[in-house]
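Q: Take a look at this one; I'll ask things after.
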Amino acid sequence: MRQKIVAGNWKMNKTMPEAQALSSEVMGMVSSEVTTNTKVVLCVPFPFLPVIKYLLGKSSVAVGAQNCSEHDWGAYTGEVSALMLKSMDIPYVILGHSERRQYFGEDGKLLVKKIDKALAAALTPIFCCGEPLEVREKGTHDTLVRQQVEEALFHLSAESLKKVVIAYEPVWAIGTGKTATSQQAQEMHAVIRKQLASKYGDTIAQEISILYGGSVNSKNAQELFSCPDVDGGLVGGASLKSREFVDIIKAMK
Ligand code: 13P
């Protein structure tokens, strides 16, 4: 059975004391909510990683990074490699977020390298895809998302693909308060799963967790998470408030 995951993407938010307080609150409230088949992840800014990792300790909440370099080591000022994350026992890394694509020019070619580095370091990539508003309005969103999935992931072996988590995040729903309807989310998740099945076979496609992201909150989470192909959420703004985030986790049941 594929794993259900609720991951918070804090983006570039919080000071260190705030990060510690938020993580402690989530950990305190969430322990009884997490079952063996549901994973909770906090994807925090790089400088907070070791402290939050230590703070979460052996609790049921895991920590993740929001990016990694396509290189292992070297003269790449300001970058952080998958090997560095691995050396700190960080299990997850978000890759290909639309904000990285938009503001930092990340494209499919670069993401292939980053995905490979993450997998080589035994990290679980949370690979993001999703269309901007103009593409949705043109009605070509299926084509674009399929292209994003194919160019970043289809070089992988079936064994490697099984280690990837996919997050469908329509760009027009991110930070806008305009959530995709559960029908829109389900439709796209089914498109992605069908695409995976056509390349890797149905058994493997059924094992891949596909998360929805874009204005998820405690009010809409339950309906979104009840869709058959929606295996949880990648949550931005609502993950910055402990109570709200924990209510989203509870909606996973
Ligand atoms: P919001 O939940 O703030 O819309 O952000 C979604 C997101 O980008 C998660 O990666």
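Labeling convention for the structure tokens: chains A, B, ... as they appear, residues from 1 per chain, ligands from 1 in order of appearance.
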Give me, as a VMD selection string, the set of residues whose atoms come within 7 Å of any atom of ligand 1, counting only C-alpha atoms and all ligand atoms.
A: chain A and resid 9 97 169 173 to 177 213 to 216 234 to 238
Q: Given the choices A:Asp247, A:Asp107, A:Glu150, A:Glu207, which gets closest to Lys219 in chain A if the distance is worked out from only C-alpha atoms?
A: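 Ranking A:Asp247, A:Asp107, A:Glu150, A:Glu207 by distance to Lys219 in chain A, first place goes to A:Asp247.
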Q: Report as a ChimeraX atom specification all protein, DNA and RNA residues lying within 12 Å of Cys128 in chain A, evaluated on only C-alpha atoms, omitting residues in the same chain fewer than 3 positions from it.
A: /A:9,66-67,93-101,106-108,111,115,125,131,145-146,148-149,152-153,164-171,192,210-214,233-234
Q: Please identify the strand (DSSP E) residues within range 60-226 of chain A (assignment by DSSP from backbone atoms) and present them as a compact mmCIF listing (two decimals) with C-alpha atoms, in the first residue's frame.
A:
```
# COMPACT_ATOMS: atom_id res chain seq x y z
CA VAL A 61 7.79 13.68 12.45
CA ALA A 62 10.58 13.70 9.86
CA VAL A 63 12.55 16.60 8.49
CA GLY A 64 13.29 17.52 4.88
CA ALA A 65 15.18 20.09 2.83
CA TYR A 92 13.58 14.09 2.26
CA VAL A 93 14.29 16.86 -0.23
CA ILE A 94 11.80 18.88 -2.29
CA LEU A 95 12.96 19.22 -5.91
CA THR A 124 13.63 10.69 -0.98
CA PRO A 125 12.96 13.41 -3.55
CA ILE A 126 9.57 15.09 -3.37
CA PHE A 127 9.37 16.03 -7.04
CA CYS A 128 7.01 18.91 -7.86
CA CYS A 129 5.15 19.49 -11.10
CA VAL A 165 7.32 11.07 -4.14
CA ILE A 166 5.48 13.28 -6.64
CA ALA A 167 3.67 16.47 -5.70
CA TYR A 168 1.19 17.99 -8.14
CA ILE A 210 1.24 11.60 -5.34
CA LEU A 211 0.63 14.60 -3.10
CA TYR A 212 -1.49 17.63 -3.88
CA GLY A 213 -0.18 21.13 -3.12
```
Q: For CA of Leu123 in chain A and CA of Glu25 in chain A, determine how far apart the two atoms are, in Å to one decimal place.
A: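 Between CA of Leu123 in chain A and CA of Glu25 in chain A the gap is 25.6 Å.
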Q: Name the residues of range 69-239 of chain A that come out as helix (DSSP H, G or I) in a backbone DSSP run; write them as a PyMOL selection string.
A: chain A and resi 82-87+98-104+108-120+133-138+141-153+158-161+171-173+182-200+202-207+221-225+237-239
Q: Considering only C-alpha atoms, state which residue in the set A:Leu196, A:Ile90, A:Ala21, A:Met27 is at the smallest distance from Phe46 in chain A.
A: A:Ile90
Q: Considering only C-alpha atoms, can you say which of A:Ala82, A:Met29, A:Val135, A:Ala197 comes closest to Ser59 in chain A?
A: A:Met29
Q: Restricting the calculation to only C-alpha atoms: of A:Gln183, A:Ser209, A:Gln3, A:Thr38, which residue gets closest to Lys250 in chain A?
A: A:Thr38
